[in-house]
>>> print(open('run_28.cif').read())   # mmCIF, C-alpha atoms
data_final
#
loop_
_atom_site.group_PDB
_atom_site.id
_atom_site.type_symbol
_atom_site.label_atom_id
_atom_site.label_comp_id
_atom_site.auth_asym_id
_atom_site.auth_seq_id
_atom_site.Cartn_x
_atom_site.Cartn_y
_atom_site.Cartn_z
ATOM 1 C CA MET A 10 -6.636 -12.937 2.184
ATOM 2 C CA PRO A 11 -9.256 -11.285 4.409
ATOM 3 C CA ARG A 12 -12.499 -13.269 4.666
ATOM 4 C CA ASN A 13 -14.796 -10.647 6.191
ATOM 5 C CA PHE A 14 -15.117 -6.901 6.779
ATOM 6 C CA LYS A 15 -13.344 -6.953 10.169
ATOM 7 C CA GLU A 16 -10.356 -8.818 8.725
ATOM 8 C CA GLU A 17 -10.349 -6.450 5.735
ATOM 9 C CA LEU A 18 -10.125 -3.431 8.060
ATOM 10 C CA ILE A 19 -7.334 -4.977 10.137
ATOM 11 C CA PHE A 20 -5.411 -5.981 7.006
ATOM 12 C CA MET A 21 -5.871 -2.516 5.443
ATOM 13 C CA LEU A 22 -4.720 -0.809 8.648
ATOM 14 C CA MET A 23 -1.594 -2.990 8.812
ATOM 15 C CA MET A 24 -0.751 -2.453 5.149
ATOM 16 C CA ALA A 25 -1.491 1.275 5.116
ATOM 17 C CA GLY A 26 0.090 1.851 8.521
ATOM 18 C CA LEU A 27 3.393 0.204 7.617
ATOM 19 C CA MET A 28 3.520 1.618 4.084
ATOM 20 C CA VAL A 29 2.728 5.173 5.228
ATOM 21 C CA LEU A 30 5.352 4.951 7.971
ATOM 22 C CA GLY A 31 8.031 3.676 5.594
ATOM 23 C CA MET A 32 7.157 6.088 2.806
ATOM 24 C CA SER A 33 6.941 9.040 5.226
ATOM 25 C CA ILE A 34 10.418 8.329 6.554
ATOM 26 C CA TYR A 35 11.727 7.951 2.988
ATOM 27 C CA ASN A 36 10.116 11.131 1.631
ATOM 28 C CA ILE A 37 11.053 13.303 4.603
ATOM 29 C CA TYR A 38 14.628 12.024 4.378
ATOM 30 C CA LEU A 39 14.710 12.851 0.640
ATOM 31 C CA ALA A 40 13.292 16.325 1.275
ATOM 32 C CA GLN A 41 15.375 17.441 4.246
ATOM 33 C CA GLY A 42 17.839 14.726 5.234
ATOM 34 C CA LEU A 43 18.412 13.805 8.876
ATOM 35 C CA THR A 44 17.807 17.192 10.444
ATOM 36 C CA ASP A 45 16.939 17.964 14.053
ATOM 37 C CA GLY A 46 13.247 18.070 13.139
ATOM 38 C CA PHE A 47 13.230 14.810 11.137
ATOM 39 C CA TRP A 48 11.364 12.578 13.606
ATOM 40 C CA HIS A 49 9.044 15.418 14.543
ATOM 41 C CA GLU A 50 8.037 15.729 10.866
ATOM 42 C CA VAL A 51 7.436 11.982 10.665
ATOM 43 C CA VAL A 52 5.272 11.921 13.822
ATOM 44 C CA VAL A 53 3.280 15.043 12.932
ATOM 45 C CA GLY A 54 2.656 14.080 9.299
ATOM 46 C CA TYR A 55 1.917 10.390 9.890
ATOM 47 C CA PRO A 56 -1.703 10.607 11.165
ATOM 48 C CA VAL A 57 -2.893 12.850 8.316
ATOM 49 C CA ALA A 58 -1.125 10.728 5.691
ATOM 50 C CA LEU A 59 -2.554 7.543 7.235
ATOM 51 C CA ILE A 60 -6.114 8.901 7.099
ATOM 52 C CA VAL A 61 -5.671 9.934 3.447
ATOM 53 C CA ALA A 62 -4.101 6.559 2.600
ATOM 54 C CA MET A 63 -6.902 4.611 4.317
ATOM 55 C CA ALA A 64 -9.536 6.645 2.462
ATOM 56 C CA CYS A 65 -7.786 6.165 -0.897
ATOM 57 C CA ASP A 66 -7.292 2.463 -0.203
ATOM 58 C CA GLY A 67 -10.795 1.769 1.050
ATOM 59 C CA PHE A 68 -12.844 3.846 -1.361
ATOM 60 C CA LEU A 69 -10.843 4.137 -4.577
ATOM 61 C CA VAL A 70 -7.647 2.155 -5.098
ATOM 62 C CA GLY A 71 -8.598 -1.061 -3.280
ATOM 63 C CA PRO A 72 -11.933 -1.631 -5.021
ATOM 64 C CA LEU A 73 -10.482 -0.634 -8.403
ATOM 65 C CA ALA A 74 -7.415 -2.883 -8.007
ATOM 66 C CA LYS A 75 -9.544 -5.889 -6.982
ATOM 67 C CA MET A 76 -11.993 -5.294 -9.826
ATOM 68 C CA LEU A 77 -9.167 -5.102 -12.372
ATOM 69 C CA ALA A 78 -7.424 -8.127 -10.903
ATOM 70 C CA PHE A 79 -10.430 -10.441 -10.673
ATOM 71 C CA LYS A 80 -12.284 -9.358 -13.825
ATOM 72 C CA HIS A 81 -9.453 -8.767 -16.261
ATOM 73 C CA ILE A 82 -5.995 -9.922 -15.203
ATOM 74 C CA ILE A 83 -6.312 -13.107 -13.138
ATOM 75 C CA PRO A 84 -8.916 -14.887 -15.341
ATOM 76 C CA ARG A 85 -7.002 -13.965 -18.482
ATOM 77 C CA PHE A 86 -3.889 -15.785 -17.299
ATOM 78 C CA LYS A 87 -5.704 -18.337 -15.112
ATOM 79 C CA ALA A 88 -3.593 -17.222 -12.155
ATOM 80 C CA THR A 89 -5.668 -18.536 -9.273
ATOM 81 C CA ASP A 90 -3.273 -20.313 -6.941
ATOM 82 C CA GLY A 91 -0.287 -19.599 -4.744
ATOM 83 C CA LEU A 92 0.902 -16.034 -4.480
ATOM 84 C CA GLN A 93 -0.305 -14.949 -7.923
ATOM 85 C CA ILE A 94 -3.527 -13.356 -6.660
ATOM 86 C CA PRO A 95 -2.002 -11.401 -3.741
ATOM 87 C CA LEU A 96 0.989 -10.327 -5.852
ATOM 88 C CA THR A 97 -1.261 -9.144 -8.691
ATOM 89 C CA ILE A 98 -3.433 -7.171 -6.277
ATOM 90 C CA SER A 99 -0.361 -5.822 -4.445
ATOM 91 C CA MET A 100 1.208 -4.523 -7.645
ATOM 92 C CA LEU A 101 -2.034 -2.840 -8.712
ATOM 93 C CA MET A 102 -2.459 -1.393 -5.213
ATOM 94 C CA VAL A 103 1.071 0.012 -5.233
ATOM 95 C CA LEU A 104 0.525 1.691 -8.598
ATOM 96 C CA GLY A 105 -2.745 3.238 -7.426
ATOM 97 C CA MET A 106 -1.537 4.263 -3.988
ATOM 98 C CA VAL A 107 1.710 5.747 -5.314
ATOM 99 C CA THR A 108 -0.394 7.753 -7.767
ATOM 100 C CA CYS A 109 -2.702 9.083 -5.019
ATOM 101 C CA MET A 110 -0.187 9.567 -2.229
ATOM 102 C CA SER A 111 2.437 11.208 -4.460
ATOM 103 C CA LEU A 112 -0.179 13.772 -5.431
ATOM 104 C CA PHE A 113 -1.084 14.212 -1.751
ATOM 105 C CA GLY A 114 2.582 14.722 -0.836
ATOM 106 C CA VAL A 115 3.192 17.251 -3.584
ATOM 107 C CA LEU A 116 0.084 19.256 -2.695
ATOM 108 C CA ILE A 117 0.412 19.169 1.112
ATOM 109 C CA ASN A 118 4.003 20.379 0.881
ATOM 110 C CA GLY A 119 3.065 23.287 -1.369
ATOM 111 C CA HIS A 120 5.000 22.127 -4.425
ATOM 112 C CA SER A 121 3.815 22.747 -7.955
ATOM 113 C CA LEU A 122 2.350 19.882 -9.952
ATOM 114 C CA SER A 123 5.538 19.842 -12.029
ATOM 115 C CA ALA A 124 7.134 18.015 -9.059
ATOM 116 C CA TYR A 125 4.600 15.183 -9.358
ATOM 117 C CA PRO A 126 6.292 12.974 -12.016
ATOM 118 C CA LYS A 127 9.580 12.894 -10.090
ATOM 119 C CA ALA A 128 7.750 12.208 -6.823
ATOM 120 C CA TRP A 129 5.790 9.388 -8.473
ATOM 121 C CA ILE A 130 8.916 7.679 -9.846
ATOM 122 C CA PHE A 131 10.873 8.048 -6.598
ATOM 123 C CA ASN A 132 7.944 6.730 -4.560
ATOM 124 C CA LEU A 133 7.390 3.780 -6.889
ATOM 125 C CA LEU A 134 11.080 2.836 -6.612
ATOM 126 C CA LEU A 135 10.670 2.228 -2.881
ATOM 127 C CA ALA A 136 6.985 1.349 -2.555
ATOM 128 C CA LEU A 137 6.951 -1.636 -4.910
ATOM 129 C CA PRO A 138 9.796 -3.619 -3.329
ATOM 130 C CA MET A 139 8.732 -2.526 0.170
ATOM 131 C CA GLN A 140 5.200 -3.833 -0.464
ATOM 132 C CA ILE A 141 6.201 -7.066 -2.215
ATOM 133 C CA LEU A 142 9.179 -8.025 -0.023
ATOM 134 C CA VAL A 143 8.436 -6.581 3.435
ATOM 135 C CA VAL A 144 5.013 -5.123 4.216
ATOM 136 C CA GLY A 145 2.862 -7.573 2.223
ATOM 137 C CA PRO A 146 4.430 -10.712 3.716
ATOM 138 C CA ILE A 147 4.249 -9.254 7.253
ATOM 139 C CA ALA A 148 0.591 -8.272 6.891
ATOM 140 C CA ARG A 149 -0.360 -11.625 5.315
ATOM 141 C CA ALA A 150 1.484 -13.556 8.048
ATOM 142 C CA VAL A 151 -0.232 -11.587 10.822
ATOM 143 C CA LEU A 152 -3.610 -12.040 9.140
ATOM 144 C CA ALA A 153 -3.051 -15.786 8.657
ATOM 145 C CA LYS A 154 -2.113 -16.138 12.323
ATOM 146 C CA ALA A 155 -5.238 -14.221 13.369
ATOM 147 C CA GLN A 156 -7.431 -16.371 11.112
ATOM 148 C CA GLY A 157 -6.121 -19.593 12.642
ATOM 149 C CA PRO A 158 -5.542 -22.905 10.881
ATOM 150 C CA VAL A 159 -7.262 -23.531 7.560
ATOM 151 C CA ALA A 160 -9.784 -26.357 7.703
ATOM 152 C CA PRO A 161 -9.026 -29.216 5.296
ATOM 153 C CA ALA A 162 -11.204 -29.393 2.180
ATOM 154 C CA LYS A 163 -14.076 -31.903 2.325
ATOM 155 C CA ASN A 164 -14.072 -34.555 -0.398
#
>>> encode(input="run_28.cif", output="structure tokens")
Amino acid sequence: MPRNFKEELIFMLMMAGLMVLGMSIYNIYLAQGLTDGFWHEVVVGYPVALIVAMACDGFLVGPLAKMLAFKHIIPRFKATDGLQIPLTISMLMVLGMVTCMSLFGVLINGHSLSAYPKAWIFNLLLALPMQILVVGPIARAVLAKAQGPVAPAKN
């Protein structure tokens, strides 16, 4: 887990960057298939989606997910070791980010809000396993490598 603001920013950029890339590819493929303009759509839409995702993560979803996790969920089940904390936070983050970014996708593409429930379900179907099985472990491994070895506990 990040130990300071700099590490938090790096970790958030890795998580958001990889998730936005994967979800952009997925959503553009669902919307138009592999057309001639597919990669152009991914490249053009990526920076805007990344900025929105970073803002949602940093100012809304991240703080809310951590507050819920540490005040209500983790203490209730005494889940304080191993992967329980990062997995709890990851699942809450995915739910919040899918909620925000599905709304962003529906609105930026000019669809009516009636498209939102389907977008939310389809995005959750990919985002949750992608976060838990691919992006989360990559980001945590990179962060752990950047943090260096953990000092042994003093007795």
>>> resolve_selection(input="run_28.cif", expression="the PyMOL selection byres ((chain A and resi 113-128) around 10)", output="ChimeraX atom specification")
/A:33,36,54,58,61-62,107-112,129-134
>>> resolve_selection(input="run_28.cif", expression="the PyMOL selection byres ((chain A and resi 151) around 12)", output="list in words")
Met10, Pro11, Glu16, Ile19, Phe20, Met21, Leu22, Met23, Met24, Val144, Gly145, Pro146, Ile147, Ala148, Arg149, Ala150, Leu152, Ala153, Lys154, Ala155, Gln156 and Gly157 of chain A
>>> residues_around(input="run_28.cif", residues="Leu77 of chain A", least_positions_apart="4", cutoff="12 Å", atoms="all atoms listed in the file", output="PyMOL selection string")
chain A and resi 70-73+81-85+94+97-102+105
>>> residues_around(input="run_28.cif", residues="Ile60 of chain A", least_positions_apart="6", cutoff="10 Å", atoms="only C-alpha atoms", output="PyMOL selection string")
chain A and resi 22+25-26+29+66
>>> atom_distance(input="run_28.cif", atom1="atom CA of Leu137 of chain A", atom2="atom CA of Val103 of chain A")
6.1 Å
>>> axis_aligned_box(input="run_28.cif", around="segment 133-138 of chain A", padding_each_side="3 Å", output="AutoDock Vina command-line options")
--center_x 9.0 --center_y 0.1 --center_z -4.7 --size_x 10.1 --size_y 13.4 --size_z 10.3
>>> atom_distance(input="run_28.cif", atom1="atom CA of Ala40 of chain A", atom2="atom CA of Val57 of chain A")
18.0 Å
>>> atom_distance(input="run_28.cif", atom1="atom CA of Pro138 of chain A", atom2="atom CA of Leu104 of chain A")
11.9 Å
>>> closest_residue(input="run_28.cif", among="A:Ala136, A:Met106, A:Leu18, A:Leu92", to="Leu69 of chain A", atoms="all atoms listed in the file")
A:Met106
>>> closest_residue(input="run_28.cif", among="A:Met76, A:Tyr35, A:Met28, A:Gly46", to="Leu142 of chain A", atoms="all atoms listed in the file")
A:Met28
